[in-house]
Amino acid sequence: MTADDLSNLGLECSEDWVPFPVAGTLDLDYWAKHQAGELVERYARDGEKGNARLLARDLKRAAADSRTREPLGAFGWYLSGHQTVAAVLELDAIHPDATFPEVTLPLLTEHMTARDFGEPDVRDVRLPLGDAVRIRQNLIEERKRLLGPRPVVHTLFYAVRPATTDAAITLLVSWTEPVLDEPLEHIVDTIAETLHL
């Protein structure tokens, strides 16, 4: 199968998730300014204030960061009243290659688990798209400055093997605020159920 076979890959999420332009030549400054204006309007409908300048700067940074990994799709979770992204969701596919002629869930589990904070929570699950693995773990991120703390990144990862392709579809959500653990796990579990081809 080819990457073109994934052209109908999609998911469903609330308007709190802003789609990032991860492919093409769209000017990120222009996009971020326009998107920040839309967020300020949404925040106002929710009775919260938004700072268009701060939001535009954060949107551009977060979208540019996602672009470096070249996912099939990426979204930022923007909570009303907050000027920075709360979580980032990236949707991608892992295709077989010469090293790994078959992409299996045990192989993905082995390569996607870390033990920075003990054993990760690994579960075999079934999604409408097929058999899947769910991995919830916390990772230690690289230092942002020469001196300073290494941030803890909270992640929830899904990999699913649809019957119609030999690629694995992956969904990775990451965040840094521990208070978001419980609500985000529930939200991401719901989003994973909507994955479709």
# chains A, B, ... in the order shown; residues from 1 in each chain; ligands from 1
call {"tool": "closest_atom_pairs", "arguments": {"of": "stretch 55-105 of chain A", "to": "stretch 22-37 of chain A", "cutoff": "6 Å", "atoms": "only C-alpha atoms", "output": "CSV"}}
result
residue,atom,partner,partner_atom,distance
A:Leu55,CA,A:Ala36,CA,5.4
A:Ala56,CA,A:Ala32,CA,4.7
A:Leu59,CA,A:Ala32,CA,5.5
A:Lys60,CA,A:Ala32,CA,5.4
A:Arg67,CA,A:Val22,CA,4.9
call {"tool": "select_by_dssp", "arguments": {"residues": "stretch 68-189 of chain A", "states": "alpha helix (DSSP H)", "output": "number ranges by chain"}}
result
A: 105-112, 181-189
call {"tool": "closest_residue", "arguments": {"among": "A:Val173, A:Leu105, A:Leu39, A:Ile135", "to": "A:Ser66", "atoms": "only C-alpha atoms"}}
result
A:Val173
call {"tool": "select_by_dssp", "arguments": {"residues": "stretch 53-190 of chain A", "states": "strand (DSSP E or B)", "output": "number ranges by chain"}}
result
A: 73-77, 87-94, 116, 118, 121-127, 130-140, 152-161, 168-175
call {"tool": "write_last_selection", "arguments": {"atoms": "N, CA and C atoms", "output": "compact mmCIF listing (two decimals), in the first residue's frame"}}
result
# COMPACT_ATOMS: atom_id res chain seq x y z
N GLY A 73 -1.19 14.78 10.08
CA GLY A 73 -2.06 15.83 10.59
C GLY A 73 -1.66 16.18 12.01
N ALA A 74 -1.96 17.41 12.42
CA ALA A 74 -1.64 17.84 13.78
C ALA A 74 -2.67 18.86 14.24
N PHE A 75 -2.92 18.84 15.55
CA PHE A 75 -3.91 19.74 16.15
C PHE A 75 -3.37 20.24 17.47
N GLY A 76 -3.73 21.47 17.83
CA GLY A 76 -3.40 22.01 19.14
C GLY A 76 -4.67 22.22 19.95
N TRP A 77 -4.64 21.84 21.21
CA TRP A 77 -5.80 21.98 22.10
C TRP A 77 -5.69 23.32 22.82
N ALA A 87 -2.22 21.05 24.73
CA ALA A 87 -1.79 19.72 24.29
C ALA A 87 -1.68 19.72 22.77
N VAL A 88 -0.85 18.85 22.25
CA VAL A 88 -0.69 18.71 20.80
C VAL A 88 -1.01 17.27 20.42
N LEU A 89 -1.81 17.11 19.38
CA LEU A 89 -2.17 15.80 18.84
C LEU A 89 -1.55 15.67 17.46
N GLU A 90 -0.85 14.57 17.22
CA GLU A 90 -0.28 14.31 15.89
C GLU A 90 -0.74 12.95 15.39
N LEU A 91 -1.19 12.95 14.16
CA LEU A 91 -1.69 11.75 13.49
C LEU A 91 -0.68 11.38 12.41
N ASP A 92 -0.28 10.10 12.38
CA ASP A 92 0.74 9.70 11.40
C ASP A 92 0.55 8.25 11.01
N ALA A 93 1.41 7.77 10.13
CA ALA A 93 1.38 6.37 9.69
C ALA A 93 2.80 5.85 9.66
N ILE A 94 2.96 4.59 10.03
CA ILE A 94 4.26 3.93 9.96
C ILE A 94 4.13 2.81 8.93
N ASP A 116 11.11 6.08 31.73
CA ASP A 116 11.63 7.23 32.46
C ASP A 116 11.05 7.30 33.88
N GLY A 118 9.23 4.50 35.44
CA GLY A 118 8.70 3.17 35.71
C GLY A 118 7.99 2.60 34.49
N ASP A 121 1.75 2.38 31.12
CA ASP A 121 0.45 1.70 31.11
C ASP A 121 0.17 1.29 29.65
N VAL A 122 0.36 0.01 29.35
CA VAL A 122 0.19 -0.51 27.99
C VAL A 122 -1.04 -1.41 27.96
N ARG A 123 -1.96 -1.13 27.02
CA ARG A 123 -3.19 -1.92 26.91
C ARG A 123 -3.45 -2.29 25.45
N ASP A 124 -3.83 -3.52 25.23
CA ASP A 124 -4.33 -3.93 23.92
C ASP A 124 -5.80 -3.56 23.88
N VAL A 125 -6.20 -2.84 22.84
CA VAL A 125 -7.58 -2.37 22.73
C VAL A 125 -8.10 -2.66 21.32
N ARG A 126 -9.37 -2.50 21.16
CA ARG A 126 -9.99 -2.66 19.84
C ARG A 126 -10.67 -1.33 19.50
N LEU A 127 -10.30 -0.75 18.34
CA LEU A 127 -10.93 0.45 17.83
C LEU A 127 -11.75 0.08 16.61
N GLY A 130 -9.61 -1.15 13.86
CA GLY A 130 -8.89 -2.42 13.98
C GLY A 130 -8.26 -2.62 15.35
N ASP A 131 -7.45 -3.68 15.47
CA ASP A 131 -6.73 -3.96 16.71
C ASP A 131 -5.73 -2.83 16.96
N ALA A 132 -5.57 -2.47 18.22
CA ALA A 132 -4.73 -1.32 18.55
C ALA A 132 -4.01 -1.54 19.87
N VAL A 133 -3.00 -0.71 20.10
CA VAL A 133 -2.33 -0.66 21.39
C VAL A 133 -2.44 0.77 21.90
N ARG A 134 -2.64 0.90 23.22
CA ARG A 134 -2.74 2.21 23.88
C ARG A 134 -1.63 2.27 24.92
N ILE A 135 -0.81 3.33 24.84
CA ILE A 135 0.32 3.47 25.76
C ILE A 135 0.24 4.84 26.44
N ARG A 136 0.09 4.83 27.75
CA ARG A 136 0.09 6.07 28.53
C ARG A 136 1.37 6.09 29.35
N GLN A 137 2.17 7.15 29.15
CA GLN A 137 3.44 7.24 29.88
C GLN A 137 3.88 8.69 29.99
N ASN A 138 4.80 8.91 30.91
CA ASN A 138 5.43 10.22 31.06
C ASN A 138 6.89 10.08 30.65
N LEU A 139 7.40 11.10 29.97
CA LEU A 139 8.77 11.10 29.47
C LEU A 139 9.52 12.31 29.99
N ILE A 140 10.83 12.21 30.03
CA ILE A 140 11.66 13.37 30.38
C ILE A 140 12.13 14.01 29.08
N VAL A 152 8.82 17.38 32.24
CA VAL A 152 8.14 16.09 32.10
C VAL A 152 7.04 16.25 31.06
N VAL A 153 7.05 15.36 30.08
CA VAL A 153 6.03 15.38 29.03
C VAL A 153 5.10 14.19 29.27
N HIS A 154 3.82 14.46 29.36
CA HIS A 154 2.80 13.44 29.54
C HIS A 154 2.31 13.04 28.15
N THR A 155 2.21 11.75 27.85
CA THR A 155 1.81 11.32 26.52
C THR A 155 0.78 10.20 26.57
N LEU A 156 -0.06 10.20 25.55
CA LEU A 156 -0.97 9.09 25.31
C LEU A 156 -0.83 8.74 23.82
N PHE A 157 -0.46 7.50 23.56
CA PHE A 157 -0.15 7.04 22.20
C PHE A 157 -1.08 5.89 21.83
N TYR A 158 -1.61 5.96 20.63
CA TYR A 158 -2.38 4.85 20.06
C TYR A 158 -1.72 4.43 18.75
N ALA A 159 -1.68 3.14 18.50
CA ALA A 159 -1.29 2.61 17.19
C ALA A 159 -2.35 1.58 16.83
N VAL A 160 -2.87 1.68 15.61
CA VAL A 160 -3.91 0.78 15.16
C VAL A 160 -3.53 0.21 13.80
N ARG A 161 -3.85 -1.06 13.60
CA ARG A 161 -3.55 -1.75 12.34
C ARG A 161 -4.85 -1.99 11.57
N ALA A 168 0.64 1.09 9.92
CA ALA A 168 -0.01 1.32 11.22
C ALA A 168 -0.33 2.80 11.32
N ILE A 169 -1.52 3.11 11.77
CA ILE A 169 -1.92 4.50 12.00
C ILE A 169 -1.60 4.82 13.45
N THR A 170 -0.94 5.95 13.68
CA THR A 170 -0.59 6.34 15.04
C THR A 170 -1.21 7.68 15.41
N LEU A 171 -1.55 7.80 16.67
CA LEU A 171 -2.09 9.03 17.23
C LEU A 171 -1.31 9.28 18.52
N LEU A 172 -0.66 10.42 18.61
CA LEU A 172 0.13 10.76 19.79
C LEU A 172 -0.31 12.12 20.31
N VAL A 173 -0.68 12.16 21.58
CA VAL A 173 -1.04 13.42 22.23
C VAL A 173 -0.06 13.65 23.37
N SER A 174 0.47 14.88 23.44
CA SER A 174 1.43 15.21 24.50
C SER A 174 1.05 16.52 25.17
N TRP A 175 1.36 16.61 26.47
CA TRP A 175 1.06 17.80 27.26
C TRP A 175 2.02 17.85 28.44
call {"tool": "residues_around", "arguments": {"residues": "A:Leu195", "least_positions_apart": "6", "cutoff": "7 Å", "atoms": "only C-alpha atoms", "output": "ChimeraX atom specification"}}
result
/A:10-11,129
call {"tool": "closest_residue", "arguments": {"among": "A:Glu70, A:Thr165, A:Glu182, A:Thr176", "to": "A:Arg150", "atoms": "only C-alpha atoms"}}
result
A:Thr176
call {"tool": "residues_around", "arguments": {"residues": "A:Tyr43", "least_positions_apart": "6", "cutoff": "12 Å", "atoms": "only C-alpha atoms", "output": "number ranges by chain"}}
result
A: 15-16, 36-37, 49-52, 55, 78-83
call {"tool": "write_last_selection", "arguments": {"atoms": "C-alpha atoms", "output": "CSV table (one decimal), in the first residue's frame"}}
result
chain,number,residue,atom,x,y,z
A,15,GLU,CA,-13.5,23.0,18.0
A,16,ASP,CA,-11.1,23.3,21.0
A,36,ALA,CA,-5.5,33.8,16.7
A,37,GLY,CA,-8.4,36.1,15.7
A,49,LYS,CA,-10.3,36.9,27.2
A,50,GLY,CA,-7.8,36.1,24.5
A,51,ASN,CA,-4.6,38.0,23.6
A,52,ALA,CA,-4.3,37.8,19.8
A,55,LEU,CA,-2.0,33.4,20.7
A,78,TYR,CA,-6.6,25.6,23.0
A,79,LEU,CA,-8.6,26.1,26.2
A,80,SER,CA,-10.6,29.3,26.5
A,81,GLY,CA,-8.8,32.0,28.3
A,82,HIS,CA,-5.3,30.4,27.9
A,83,GLN,CA,-2.8,31.9,25.6
call {"tool": "closest_residue", "arguments": {"among": "A:His196, A:Leu108, A:Arg61, A:Thr84", "to": "A:Pro162", "atoms": "only C-alpha atoms"}}
result
A:His196
call {"tool": "atom_distance", "arguments": {"atom1": "atom CA of A:Ile187", "atom2": "atom CA of A:Cys13"}}
result
8.7 Å
call {"tool": "closest_residue", "arguments": {"among": "A:Pro71, A:Pro96, A:Pro151, A:Pro178", "to": "A:Pro21", "atoms": "only C-alpha atoms"}}
result
A:Pro71
call {"tool": "atom_distance", "arguments": {"atom1": "atom CA of A:Asp58", "atom2": "atom CA of A:Val40"}}
result
13.3 Å
call {"tool": "closest_residue", "arguments": {"among": "A:Ala63, A:Met112, A:Val85, A:Leu197", "to": "A:Ala163", "atoms": "only C-alpha atoms"}}
result
A:Leu197
call {"tool": "closest_residue", "arguments": {"among": "A:Thr104, A:Asp166, A:Thr68, A:Thr190", "to": "A:Ser14", "atoms": "only C-alpha atoms"}}
result
A:Thr190
call {"tool": "decode", "arguments": {"residues": "stretch 20-80 of chain A", "atoms": "C-alpha atoms", "output": "mmCIF file, in the first residue's frame"}}
result
data_model
loop_
_atom_site.group_PDB
_atom_site.id
_atom_site.type_symbol
_atom_site.label_atom_id
_atom_site.label_comp_id
_atom_site.auth_asym_id
_atom_site.auth_seq_id
_atom_site.Cartn_x
_atom_site.Cartn_y
_atom_site.Cartn_z
ATOM 1 C CA PHE A 20 -2.192 22.966 12.228
ATOM 2 C CA PRO A 21 -0.995 23.405 8.618
ATOM 3 C CA VAL A 22 1.686 20.701 8.565
ATOM 4 C CA ALA A 23 2.128 20.413 4.793
ATOM 5 C CA GLY A 24 2.242 22.804 1.872
ATOM 6 C CA THR A 25 3.508 26.330 1.564
ATOM 7 C CA LEU A 26 0.969 28.226 3.668
ATOM 8 C CA ASP A 27 2.651 31.194 5.363
ATOM 9 C CA LEU A 28 2.663 30.418 9.093
ATOM 10 C CA ASP A 29 2.660 34.093 10.137
ATOM 11 C CA TYR A 30 -0.479 34.776 8.090
ATOM 12 C CA TRP A 31 -2.168 31.571 9.283
ATOM 13 C CA ALA A 32 -1.310 32.170 12.953
ATOM 14 C CA LYS A 33 -2.630 35.751 12.882
ATOM 15 C CA HIS A 34 -5.919 34.648 11.277
ATOM 16 C CA GLN A 35 -6.300 31.663 13.615
ATOM 17 C CA ALA A 36 -5.531 33.788 16.690
ATOM 18 C CA GLY A 37 -8.376 36.122 15.703
ATOM 19 C CA GLU A 38 -10.753 33.150 15.521
ATOM 20 C CA LEU A 39 -9.591 31.924 18.942
ATOM 21 C CA VAL A 40 -10.134 35.362 20.488
ATOM 22 C CA GLU A 41 -13.700 35.302 19.125
ATOM 23 C CA ARG A 42 -14.310 31.792 20.489
ATOM 24 C CA TYR A 43 -12.869 32.757 23.876
ATOM 25 C CA ALA A 44 -15.180 35.798 23.980
ATOM 26 C CA ARG A 45 -18.219 33.565 23.267
ATOM 27 C CA ASP A 46 -17.086 31.472 26.252
ATOM 28 C CA GLY A 47 -16.785 34.581 28.436
ATOM 29 C CA GLU A 48 -12.973 34.532 28.442
ATOM 30 C CA LYS A 49 -10.329 36.933 27.156
ATOM 31 C CA GLY A 50 -7.808 36.069 24.479
ATOM 32 C CA ASN A 51 -4.642 37.958 23.559
ATOM 33 C CA ALA A 52 -4.343 37.793 19.753
ATOM 34 C CA ARG A 53 -0.622 38.648 19.761
ATOM 35 C CA LEU A 54 0.316 35.966 22.311
ATOM 36 C CA LEU A 55 -1.952 33.386 20.671
ATOM 37 C CA ALA A 56 -0.512 34.081 17.201
ATOM 38 C CA ARG A 57 3.028 33.656 18.513
ATOM 39 C CA ASP A 58 2.150 30.374 20.235
ATOM 40 C CA LEU A 59 0.185 29.031 17.253
ATOM 41 C CA LYS A 60 3.112 29.701 14.917
ATOM 42 C CA ARG A 61 5.596 28.065 17.312
ATOM 43 C CA ALA A 62 3.450 24.971 17.899
ATOM 44 C CA ALA A 63 2.621 24.495 14.192
ATOM 45 C CA ALA A 64 6.269 24.967 13.183
ATOM 46 C CA ASP A 65 7.325 22.398 15.786
ATOM 47 C CA SER A 66 4.819 19.850 14.458
ATOM 48 C CA ARG A 67 6.000 20.499 10.894
ATOM 49 C CA THR A 68 9.501 19.340 11.855
ATOM 50 C CA ARG A 69 8.117 15.818 12.409
ATOM 51 C CA GLU A 70 6.066 15.851 9.171
ATOM 52 C CA PRO A 71 2.934 14.138 10.553
ATOM 53 C CA LEU A 72 -0.100 13.460 8.378
ATOM 54 C CA GLY A 73 -2.062 15.832 10.592
ATOM 55 C CA ALA A 74 -1.637 17.836 13.780
ATOM 56 C CA PHE A 75 -3.908 19.736 16.148
ATOM 57 C CA GLY A 76 -3.398 22.015 19.140
ATOM 58 C CA TRP A 77 -5.801 21.982 22.100
ATOM 59 C CA TYR A 78 -6.550 25.597 23.032
ATOM 60 C CA LEU A 79 -8.612 26.062 26.188
ATOM 61 C CA SER A 80 -10.626 29.265 26.457
#
